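Student: Just entry-v3.cif, nothing more (mmCIF, C-alpha atoms):
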data_coords
loop_
_atom_site.group_PDB
_atom_site.id
_atom_site.type_symbol
_atom_site.label_atom_id
_atom_site.label_comp_id
_atom_site.auth_asym_id
_atom_site.auth_seq_id
_atom_site.Cartn_x
_atom_site.Cartn_y
_atom_site.Cartn_z
ATOM 1 C CA MET A 1 28.189 -8.287 -7.647
ATOM 2 C CA GLU A 2 27.806 -4.983 -9.515
ATOM 3 C CA THR A 3 25.103 -2.431 -8.623
ATOM 4 C CA ILE A 4 23.014 -0.323 -10.972
ATOM 5 C CA THR A 5 20.771 2.387 -9.482
ATOM 6 C CA LEU A 6 17.613 3.727 -11.092
ATOM 7 C CA THR A 7 16.044 6.824 -9.586
ATOM 8 C CA VAL A 8 12.591 7.982 -10.653
ATOM 9 C CA LYS A 9 12.763 11.423 -12.251
ATOM 10 C CA LYS A 10 9.215 11.496 -13.629
ATOM 11 C CA VAL A 11 6.111 9.824 -12.231
ATOM 12 C CA PRO A 12 3.974 8.405 -15.067
ATOM 13 C CA GLU A 13 0.658 10.079 -15.749
ATOM 14 C CA LEU A 14 -1.070 6.701 -16.110
ATOM 15 C CA TYR A 15 0.733 3.467 -15.197
ATOM 16 C CA LEU A 16 4.126 2.415 -16.495
ATOM 17 C CA GLU A 17 4.751 -1.240 -17.386
ATOM 18 C CA CYS A 18 8.367 -1.945 -16.429
ATOM 19 C CA GLU A 19 8.770 -5.535 -17.648
ATOM 20 C CA GLY A 20 12.399 -4.781 -18.525
ATOM 21 C CA LEU A 21 13.302 -3.832 -14.962
ATOM 22 C CA THR A 22 14.992 -7.071 -13.845
ATOM 23 C CA PRO A 23 18.597 -8.252 -13.448
ATOM 24 C CA ASP A 24 17.982 -10.559 -16.416
ATOM 25 C CA ALA A 25 17.120 -7.661 -18.722
ATOM 26 C CA LEU A 26 19.796 -5.257 -17.463
ATOM 27 C CA ALA A 27 22.788 -7.601 -17.090
ATOM 28 C CA GLY A 28 25.682 -6.864 -19.448
ATOM 29 C CA LYS A 29 24.210 -3.555 -20.617
ATOM 30 C CA SER A 30 25.634 -0.053 -20.340
ATOM 31 C CA VAL A 31 23.770 2.884 -18.817
ATOM 32 C CA ASP A 32 22.938 4.165 -22.300
ATOM 33 C CA GLN A 33 21.613 0.786 -23.400
ATOM 34 C CA ILE A 34 19.437 0.486 -20.292
ATOM 35 C CA ALA A 35 18.033 3.971 -20.858
ATOM 36 C CA LYS A 36 16.802 2.854 -24.289
ATOM 37 C CA LEU A 37 14.947 -0.230 -23.037
ATOM 38 C CA PRO A 38 11.196 -0.009 -23.694
ATOM 39 C CA ALA A 39 8.548 0.781 -21.099
ATOM 40 C CA TYR A 40 4.865 1.035 -21.873
ATOM 41 C CA GLN A 41 2.275 3.572 -20.692
ATOM 42 C CA GLY A 42 -1.058 2.589 -22.133
ATOM 43 C CA LYS A 43 -0.581 2.383 -25.924
ATOM 44 C CA GLU A 44 2.502 4.568 -25.858
ATOM 45 C CA ILE A 45 5.966 3.014 -26.092
ATOM 46 C CA SER A 46 8.472 4.941 -24.030
ATOM 47 C CA THR A 47 11.888 4.119 -22.524
ATOM 48 C CA LEU A 48 13.269 3.595 -19.034
ATOM 49 C CA GLY A 49 15.513 6.612 -19.580
ATOM 50 C CA GLU A 50 12.492 8.891 -19.846
ATOM 51 C CA TYR A 51 11.384 8.010 -16.328
ATOM 52 C CA PHE A 52 14.615 7.090 -14.536
ATOM 53 C CA THR A 53 18.058 8.538 -13.940
ATOM 54 C CA ILE A 54 20.454 5.607 -14.269
ATOM 55 C CA ALA A 55 23.871 5.248 -12.664
ATOM 56 C CA GLY A 56 26.346 2.486 -11.854
ATOM 57 C CA THR A 57 27.263 -0.718 -13.635
ATOM 58 C CA THR A 58 25.709 -4.118 -14.199
ATOM 59 C CA GLY A 59 27.288 -7.528 -13.902
ATOM 60 C CA ALA A 60 27.946 -9.771 -16.865
ATOM 61 C CA THR A 61 25.075 -12.024 -15.822
ATOM 62 C CA ALA A 62 21.834 -11.614 -13.895
ATOM 63 C CA ALA A 63 23.361 -13.429 -10.926
ATOM 64 C CA ASP A 64 26.107 -10.784 -10.781
ATOM 65 C CA THR A 65 23.690 -7.841 -10.976
ATOM 66 C CA LYS A 66 21.993 -5.895 -8.198
ATOM 67 C CA ILE A 67 19.379 -3.250 -8.996
ATOM 68 C CA VAL A 68 18.435 -0.488 -6.560
ATOM 69 C CA VAL A 69 15.332 1.540 -7.410
ATOM 70 C CA ASN A 70 14.678 4.867 -5.670
ATOM 71 C CA GLY A 71 11.767 7.279 -5.948
ATOM 72 C CA ASP A 72 8.011 6.878 -6.297
ATOM 73 C CA CYS A 73 7.178 3.592 -8.060
ATOM 74 C CA SER A 74 3.561 3.438 -6.898
ATOM 75 C CA LYS A 75 2.322 3.716 -10.509
ATOM 76 C CA MET A 76 4.810 1.229 -11.973
ATOM 77 C CA LYS A 77 3.912 -2.381 -12.783
ATOM 78 C CA TYR A 78 5.849 -5.612 -13.390
ATOM 79 C CA ILE A 79 8.946 -4.575 -11.404
ATOM 80 C CA GLY A 80 11.000 -7.729 -10.856
ATOM 81 C CA ALA A 81 8.518 -9.864 -12.799
ATOM 82 C CA LYS A 82 10.001 -13.061 -14.281
ATOM 83 C CA MET A 83 13.434 -12.470 -12.722
ATOM 84 C CA THR A 84 15.549 -15.613 -12.451
ATOM 85 C CA ALA A 85 18.634 -14.448 -10.542
ATOM 86 C CA GLY A 86 20.395 -11.455 -9.003
ATOM 87 C CA GLU A 87 19.049 -8.969 -6.476
ATOM 88 C CA MET A 88 16.602 -6.066 -6.491
ATOM 89 C CA VAL A 89 15.819 -3.506 -3.790
ATOM 90 C CA VAL A 90 12.909 -1.127 -4.377
ATOM 91 C CA ASN A 91 12.714 1.744 -1.894
ATOM 92 C CA SER A 92 9.086 2.553 -2.635
ATOM 93 C CA ASP A 93 5.547 1.249 -2.980
ATOM 94 C CA CYS A 94 4.921 -0.700 -6.203
ATOM 95 C CA ASP A 95 1.917 -1.383 -8.398
ATOM 96 C CA MET A 96 0.506 -4.638 -9.799
ATOM 97 C CA TYR A 97 2.455 -7.756 -10.875
ATOM 98 C CA THR A 98 5.574 -6.914 -8.849
ATOM 99 C CA GLY A 99 7.631 -10.079 -8.440
ATOM 100 C CA SER A 100 5.182 -12.188 -10.426
ATOM 101 C CA TRP A 101 6.455 -15.350 -12.140
ATOM 102 C CA MET A 102 9.809 -15.086 -10.330
ATOM 103 C CA SER A 103 11.918 -18.229 -10.458
ATOM 104 C CA GLY A 104 15.078 -17.086 -8.658
ATOM 105 C CA GLY A 105 17.025 -14.238 -7.092
ATOM 106 C CA LYS A 106 16.060 -11.892 -4.277
ATOM 107 C CA LEU A 107 13.505 -9.081 -4.469
ATOM 108 C CA LEU A 108 12.953 -6.674 -1.567
ATOM 109 C CA VAL A 109 10.226 -4.024 -1.667
ATOM 110 C CA LYS A 110 10.563 -1.507 1.160
ATOM 111 C CA GLY A 111 6.963 -0.409 0.904
ATOM 112 C CA ASN A 112 3.517 -1.687 -0.066
ATOM 113 C CA VAL A 113 2.513 -3.593 -3.186
ATOM 114 C CA HIS A 114 -0.806 -3.538 -5.002
ATOM 115 C CA SER A 115 -2.951 -6.559 -5.924
ATOM 116 C CA PHE A 116 -1.788 -9.424 -8.172
ATOM 117 C CA CYS A 117 1.830 -9.441 -6.964
ATOM 118 C CA GLY A 118 3.945 -12.572 -6.654
ATOM 119 C CA LEU A 119 1.598 -14.372 -9.063
ATOM 120 C CA ALA A 120 2.670 -17.952 -9.853
ATOM 121 C CA LEU A 121 5.957 -17.480 -7.974
ATOM 122 C CA LYS A 122 8.249 -20.412 -8.805
ATOM 123 C CA GLY A 123 11.407 -19.685 -6.816
ATOM 124 C CA GLY A 124 13.657 -17.116 -5.217
ATOM 125 C CA GLU A 125 12.971 -14.850 -2.245
ATOM 126 C CA PHE A 126 10.417 -12.037 -2.376
ATOM 127 C CA THR A 127 10.056 -9.830 0.711
ATOM 128 C CA ILE A 128 7.501 -7.051 1.127
ATOM 129 C CA GLU A 129 8.136 -4.800 4.116
ATOM 130 C CA GLY A 130 4.713 -3.142 3.921
ATOM 131 C CA ASN A 131 1.261 -4.460 3.016
ATOM 132 C CA ALA A 132 0.088 -6.454 0.010
ATOM 133 C CA GLY A 133 -3.199 -6.298 -1.884
ATOM 134 C CA ASN A 134 -5.539 -9.021 -3.157
ATOM 135 C CA TYR A 135 -4.500 -12.166 -5.041
ATOM 136 C CA LEU A 136 -0.969 -12.232 -3.630
ATOM 137 C CA ALA A 137 0.897 -15.415 -4.671
ATOM 138 C CA ALA A 138 -2.218 -16.584 -6.498
ATOM 139 C CA ALA A 139 -2.848 -17.845 -10.011
ATOM 140 C CA TYR A 140 -3.197 -15.438 -12.909
ATOM 141 C CA ARG A 141 -6.834 -14.765 -13.839
ATOM 142 C CA GLY A 142 -8.106 -17.738 -15.862
ATOM 143 C CA ASP A 143 -5.188 -19.969 -14.843
ATOM 144 C CA TRP A 144 -5.045 -22.642 -12.132
ATOM 145 C CA ARG A 145 -1.336 -22.481 -11.261
ATOM 146 C CA GLY A 146 -0.520 -20.282 -8.295
ATOM 147 C CA MET A 147 2.670 -20.084 -6.262
ATOM 148 C CA SER A 148 4.694 -23.285 -6.677
ATOM 149 C CA GLY A 149 8.067 -22.534 -5.049
ATOM 150 C CA GLY A 150 10.300 -20.022 -3.354
ATOM 151 C CA VAL A 151 9.667 -17.947 -0.238
ATOM 152 C CA LEU A 152 7.389 -14.913 -0.105
ATOM 153 C CA ARG A 153 7.237 -12.904 3.125
ATOM 154 C CA VAL A 154 4.905 -9.975 3.863
ATOM 155 C CA LYS A 155 5.726 -8.030 7.009
ATOM 156 C CA GLY A 156 2.369 -6.247 6.988
ATOM 157 C CA ASN A 157 -1.163 -7.301 6.041
ATOM 158 C CA ALA A 158 -2.552 -8.812 2.841
ATOM 159 C CA GLY A 159 -5.959 -8.684 1.154
ATOM 160 C CA SER A 160 -8.365 -11.341 -0.081
ATOM 161 C CA ASP A 161 -7.873 -14.439 -2.256
ATOM 162 C CA VAL A 162 -4.245 -14.782 -1.176
ATOM 163 C CA ALA A 163 -2.432 -17.933 -2.385
ATOM 164 C CA SER A 164 -5.330 -19.240 -4.483
ATOM 165 C CA PHE A 165 -4.320 -22.442 -6.308
ATOM 166 C CA MET A 166 -0.994 -22.603 -4.416
ATOM 167 C CA THR A 167 0.948 -25.815 -5.110
ATOM 168 C CA GLY A 168 4.312 -25.273 -3.397
ATOM 169 C CA GLY A 169 6.715 -22.904 -1.703
ATOM 170 C CA THR A 170 6.307 -20.987 1.554
ATOM 171 C CA LEU A 171 4.191 -17.873 2.096
ATOM 172 C CA ILE A 172 4.592 -15.986 5.379
ATOM 173 C CA ILE A 173 2.264 -13.125 6.298
ATOM 174 C CA GLU A 174 3.187 -11.416 9.540
ATOM 175 C CA GLY A 175 -0.036 -9.386 9.670
ATOM 176 C CA SER A 176 -3.661 -10.304 8.939
ATOM 177 C CA VAL A 177 -5.643 -11.221 5.804
ATOM 178 C CA ASP A 178 -9.168 -10.905 4.474
ATOM 179 C CA ILE A 179 -11.318 -13.757 3.074
ATOM 180 C CA HIS A 180 -10.359 -16.781 0.941
ATOM 181 C CA LEU A 181 -6.827 -17.560 2.117
ATOM 182 C CA GLY A 182 -5.436 -20.683 0.417
ATOM 183 C CA THR A 183 -8.492 -21.480 -1.703
ATOM 184 C CA HIS A 184 -7.970 -24.505 -4.008
ATOM 185 C CA MET A 185 -4.563 -25.194 -2.406
ATOM 186 C CA GLU A 186 -2.804 -28.353 -3.592
ATOM 187 C CA GLY A 187 0.540 -28.000 -1.827
ATOM 188 C CA GLY A 188 2.929 -25.619 -0.151
ATOM 189 C CA LYS A 189 2.893 -23.909 3.221
ATOM 190 C CA ILE A 190 1.135 -20.750 4.428
ATOM 191 C CA ILE A 191 2.102 -19.167 7.752
ATOM 192 C CA LEU A 192 -0.252 -16.439 8.971
ATOM 193 C CA LYS A 193 0.926 -14.602 12.100
ATOM 194 C CA GLY A 194 -2.197 -12.436 12.412
ATOM 195 C CA ASN A 195 -5.929 -12.999 11.947
ATOM 196 C CA ALA A 196 -8.061 -14.167 9.021
ATOM 197 C CA ASN A 197 -11.577 -13.047 8.243
ATOM 198 C CA ARG A 198 -13.203 -16.280 7.027
ATOM 199 C CA ARG A 199 -13.116 -19.081 4.430
ATOM 200 C CA VAL A 200 -9.548 -20.157 5.128
ATOM 201 C CA GLY A 201 -8.497 -23.226 3.142
ATOM 202 C CA GLY A 202 -11.688 -23.644 1.133
ATOM 203 C CA GLN A 203 -11.357 -26.681 -1.191
ATOM 204 C CA LEU A 204 -7.890 -27.415 0.253
ATOM 205 C CA VAL A 205 -6.581 -30.691 -1.185
ATOM 206 C CA LYS A 206 -2.975 -30.781 0.050
ATOM 207 C CA GLY A 207 -0.629 -28.406 1.824
ATOM 208 C CA GLU A 208 -0.406 -26.806 5.263
ATOM 209 C CA ILE A 209 -1.827 -23.597 6.717
ATOM 210 C CA TYR A 210 -0.622 -22.284 10.087
ATOM 211 C CA VAL A 211 -2.652 -19.562 11.807
ATOM 212 C CA PHE A 212 -1.249 -17.799 14.864
ATOM 213 C CA GLY A 213 -4.232 -15.487 15.390
ATOM 214 C CA ASN A 214 -7.950 -16.080 14.994
ATOM 215 C CA ILE A 215 -10.219 -17.098 12.128
ATOM 216 C CA ASN A 216 -13.474 -15.162 12.229
ATOM 217 C CA VAL A 217 -15.502 -18.105 10.881
ATOM 218 C CA MET A 218 -13.968 -21.591 10.487
ATOM 219 C CA MET A 219 -14.844 -23.551 7.340
ATOM 220 C CA PRO A 220 -17.247 -26.435 8.152
ATOM 221 C CA GLY A 221 -15.157 -28.948 6.205
ATOM 222 C CA TYR A 222 -12.414 -29.207 8.837
ATOM 223 C CA LYS A 223 -12.084 -31.871 11.528
ATOM 224 C CA LYS A 224 -9.882 -31.531 14.592
ATOM 225 C CA THR A 225 -7.535 -34.499 15.001
ATOM 226 C CA GLY A 226 -5.492 -33.474 18.042
ATOM 227 C CA GLU A 227 -2.831 -31.146 19.394
ATOM 228 C CA VAL A 228 0.818 -30.937 18.325
ATOM 229 C CA ASP A 229 3.939 -29.106 19.470
ATOM 230 C CA LEU A 230 5.609 -27.380 16.528
ATOM 231 C CA GLU A 231 8.260 -24.819 15.675
ATOM 232 C CA VAL A 232 6.924 -22.548 12.927
ATOM 233 C CA ASP A 233 9.020 -19.730 11.500
ATOM 234 C CA GLY A 234 11.165 -19.671 14.622
ATOM 235 C CA THR A 235 8.272 -19.815 17.116
ATOM 236 C CA LYS A 236 7.698 -22.893 19.302
ATOM 237 C CA ALA A 237 4.083 -23.397 20.331
ATOM 238 C CA LYS A 238 1.209 -25.839 20.704
ATOM 239 C CA PHE A 239 -1.249 -26.007 17.819
ATOM 240 C CA ASP A 240 -4.675 -27.576 17.298
ATOM 241 C CA GLU A 241 -4.438 -29.777 14.206
ATOM 242 C CA TYR A 242 -7.279 -30.070 11.692
ATOM 243 C CA ILE A 243 -7.620 -32.044 8.460
ATOM 244 C CA GLY A 244 -9.685 -30.885 5.486
ATOM 245 C CA ASP A 245 -11.292 -29.707 3.373
ATOM 246 C CA LEU A 246 -13.359 -32.873 3.891
ATOM 247 C CA GLY A 247 -15.816 -31.861 1.191
ATOM 248 C CA GLU A 248 -13.087 -31.847 -1.459
ATOM 249 C CA ARG A 249 -11.527 -34.728 -3.442
ATOM 250 C CA HIS A 250 -8.336 -36.136 -1.906
ATOM 251 C CA PRO A 251 -5.659 -38.438 -3.330
ATOM 252 C CA LYS A 252 -4.494 -41.634 -1.701
ATOM 253 C CA LYS A 253 -0.935 -42.680 -0.879
ATOM 254 C CA LYS A 254 -0.212 -46.293 0.139
ATOM 255 C CA GLY A 255 -3.913 -46.776 0.680
ATOM 256 C CA GLU A 256 -4.243 -43.788 3.020
ATOM 257 C CA THR A 257 -6.212 -40.671 2.121
ATOM 258 C CA VAL A 258 -4.044 -37.552 1.962
ATOM 259 C CA TYR A 259 -5.588 -34.447 3.504
ATOM 260 C CA GLY A 260 -4.495 -30.858 3.732
ATOM 261 C CA LYS A 261 -3.842 -29.617 7.246
ATOM 262 C CA LEU A 262 -4.795 -26.508 9.153
ATOM 263 C CA PHE A 263 -2.980 -25.656 12.390
ATOM 264 C CA MET A 264 -4.360 -23.135 14.889
ATOM 265 C CA LYS A 265 -2.008 -21.795 17.552
ATOM 266 C CA LYS A 266 -3.447 -22.275 21.059
#
Write the structure described by the file as structure tokens, please.
Tutor:
Amino acid sequence: METITLTVKKVPELYLECEGLTPDALAGKSVDQIAKLPAYQGKEISTLGEYFTIAGTTGATAADTKIVVNGDCSKMKYIGAKMTAGEMVVNSDCDMYTGSWMSGGKLLVKGNVHSFCGLALKGGEFTIEGNAGNYLAAAYRGDWRGMSGGVLRVKGNAGSDVASFMTGGTLIIEGSVDIHLGTHMEGGKIILKGNANRRVGGQLVKGEIYVFGNINVMMPGYKKTGEVDLEVDGTKAKFDEYIGDLGERHPKKKGETVYGKLFMKK
């Protein structure tokens, strides 16, 4: 795998849209060609070369390309968005839409990300070493398709409306979250190591939510069905098992109603 390094030399005055900053877009290109790729700041069309110093080489394909980004990216959007293969390491905070619509590859952000990151994630591995904002792994505004595959791990905290409309994949949050975790969920798995404010799993149809900490206020549409011994993300423990959201529609399989499940660590 070949490595190309981009180092921020100028922080944008507004916000820079870096949709071309993926292994897919950079693979097979020279340093000069990469420098000429477009980047947008408001209505102005600029280039990556205006904001980054670029060094190294890319692979022939996205799968053979690793991108390392250094410097302050806190005002840069869409980093790693729609990537399908390869690797990216961002040694900074990032702005909105980071890692959104990913379908493959590995993306590591060694900082915080803003709201609306990991939207509609389809595959790959996205790791955030800091905190995440609101609407992480959720559906795009006006859409109903949230995270459907892959693995997204946040080592810090996340905001509100995380994993709305989730249908698949695994989301792991090692810290705590605000309200509306897993709203409208129809599949997938959420593992929350910390605490949740309230309204966890509202309108949950299918899928599983594991909570290691406390929920400030439990949704009324959940019914405890027993206790189970489980191993979740490497931790063995006893969990209270709930089914729900009982106020929501639920499909049937072989004559049995299928419910989403909420597990609370004892």
Student: Have a look at CA of Ala163 (chain A) and CA of Leu181 (chain A) and let me know their distance in Å, one decimal.
Tutor: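 Taking CA of Ala163 (chain A) as the start and CA of Leu181 (chain A) as the end point, the length is 6.3 Å.
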Student: Any chance you could work out the residue set of the PyMOL selection byres ((chain A and resi 205-208) around 7) here, as a list in words?
Tutor: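 Evaluating the PyMOL selection byres ((chain A and resi 205-208) around 7) on these coordinates yields His184, Met185, Glu186, Gly187, Gly188, Lys189, Ile190, Gln203, Leu204, Ile209, Tyr210, Asp245, Glu248, Arg249, His250, Tyr259, Gly260, Lys261 and Leu262 of chain A.
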Student: Let me know the residues the PyMOL selection byres ((chain A and resi 50-56) around 12) catches in the file above, as an NGL selection string.
Tutor: :A and (1-13 or 15-18 or 21 or 26-27 or 29-41 or 45-49 or 57-59 or 65-73 or 75-76)
Student: Just so the selection is clear, what residues does the PyMOL selection byres ((chain A and resi 124-139) around 9) cover here, as a VMD selection string?
Tutor: chain A and resid 83 to 85 93 96 99 to 100 102 to 123 140 to 166 171 175 178 182
Student: So how far away is CA of Thr167 (chain A) from CA of Ala25 (chain A), in Å?
Tutor: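 Calculated distance between CA of Ala25 (chain A) and CA of Thr167 (chain A) is 27.9 Å.
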Student: What's the separation between CA of Ala63 (chain A) and CA of Asp24 (chain A), in Å to one decimal place?
Tutor: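 Answer for the CA of Ala63 (chain A) to CA of Asp24 (chain A) separation: 8.2 Å.
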Student: May I have the residues within 8 Å of Val211 (chain A) as a VMD selection string, using all atoms listed in the file and disregarding those fewer than 5 positions away in the same chain?
Tutor: chain A and resid 191 to 195 262 to 265
Student: Take region 92-105 of chain A, model N, CA and C atoms, and hand the result over as a PDB file, keeping the file's coordinate frame.
Tutor:
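Below you can see selection_22.pdb, which holds the result:
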ATOM      1  N   SER A  92      10.334   1.870  -2.310  1.00  0.00           N
ATOM      2  CA  SER A  92       9.086   2.553  -2.635  1.00  0.00           C
ATOM      3  C   SER A  92       7.934   1.567  -2.608  1.00  0.00           C
ATOM      4  N   ASP A  93       6.711   2.070  -2.679  1.00  0.00           N
ATOM      5  CA  ASP A  93       5.547   1.249  -2.980  1.00  0.00           C
ATOM      6  C   ASP A  93       5.619   0.851  -4.456  1.00  0.00           C
ATOM      7  N   CYS A  94       4.952  -0.237  -4.812  1.00  0.00           N
ATOM      8  CA  CYS A  94       4.921  -0.700  -6.203  1.00  0.00           C
ATOM      9  C   CYS A  94       3.492  -1.065  -6.594  1.00  0.00           C
ATOM     10  N   ASP A  95       3.245  -1.063  -7.907  1.00  0.00           N
ATOM     11  CA  ASP A  95       1.917  -1.383  -8.398  1.00  0.00           C
ATOM     12  C   ASP A  95       1.810  -2.877  -8.716  1.00  0.00           C
ATOM     13  N   MET A  96       0.847  -3.244  -9.524  1.00  0.00           N
ATOM     14  CA  MET A  96       0.506  -4.638  -9.799  1.00  0.00           C
ATOM     15  C   MET A  96       1.640  -5.427 -10.453  1.00  0.00           C
ATOM     16  N   TYR A  97       1.584  -6.748 -10.250  1.00  0.00           N
ATOM     17  CA  TYR A  97       2.455  -7.756 -10.875  1.00  0.00           C
ATOM     18  C   TYR A  97       3.915  -7.686 -10.413  1.00  0.00           C
ATOM     19  N   THR A  98       4.212  -6.928  -9.390  1.00  0.00           N
ATOM     20  CA  THR A  98       5.574  -6.914  -8.849  1.00  0.00           C
ATOM     21  C   THR A  98       5.962  -8.327  -8.408  1.00  0.00           C
ATOM     22  N   GLY A  99       7.123  -8.769  -8.842  1.00  0.00           N
ATOM     23  CA  GLY A  99       7.631 -10.079  -8.440  1.00  0.00           C
ATOM     24  C   GLY A  99       6.857 -11.266  -8.963  1.00  0.00           C
ATOM     25  N   SER A 100       5.953 -11.064  -9.891  1.00  0.00           N
ATOM     26  CA  SER A 100       5.182 -12.188 -10.426  1.00  0.00           C
ATOM     27  C   SER A 100       6.031 -13.061 -11.337  1.00  0.00           C
ATOM     28  N   TRP A 101       5.756 -14.352 -11.319  1.00  0.00           N
ATOM     29  CA  TRP A 101       6.455 -15.350 -12.140  1.00  0.00           C
ATOM     30  C   TRP A 101       7.970 -15.395 -11.867  1.00  0.00           C
ATOM     31  N   MET A 102       8.395 -14.962 -10.715  1.00  0.00           N
ATOM     32  CA  MET A 102       9.809 -15.086 -10.330  1.00  0.00           C
ATOM     33  C   MET A 102      10.195 -16.559 -10.238  1.00  0.00           C
ATOM     34  N   SER A 103      11.420 -16.862 -10.626  1.00  0.00           N
ATOM     35  CA  SER A 103      11.918 -18.229 -10.458  1.00  0.00           C
ATOM     36  C   SER A 103      13.252 -18.275  -9.720  1.00  0.00           C
ATOM     37  N   GLY A 104      13.818 -17.108  -9.390  1.00  0.00           N
ATOM     38  CA  GLY A 104      15.078 -17.086  -8.658  1.00  0.00           C
ATOM     39  C   GLY A 104      15.477 -15.674  -8.295  1.00  0.00           C
ATOM     40  N   GLY A 105      16.542 -15.550  -7.510  1.00  0.00           N
ATOM     41  CA  GLY A 105      17.025 -14.238  -7.092  1.00  0.00           C
ATOM     42  C   GLY A 105      16.329 -13.743  -5.839  1.00  0.00           C
TER      43      GLY A 105
END
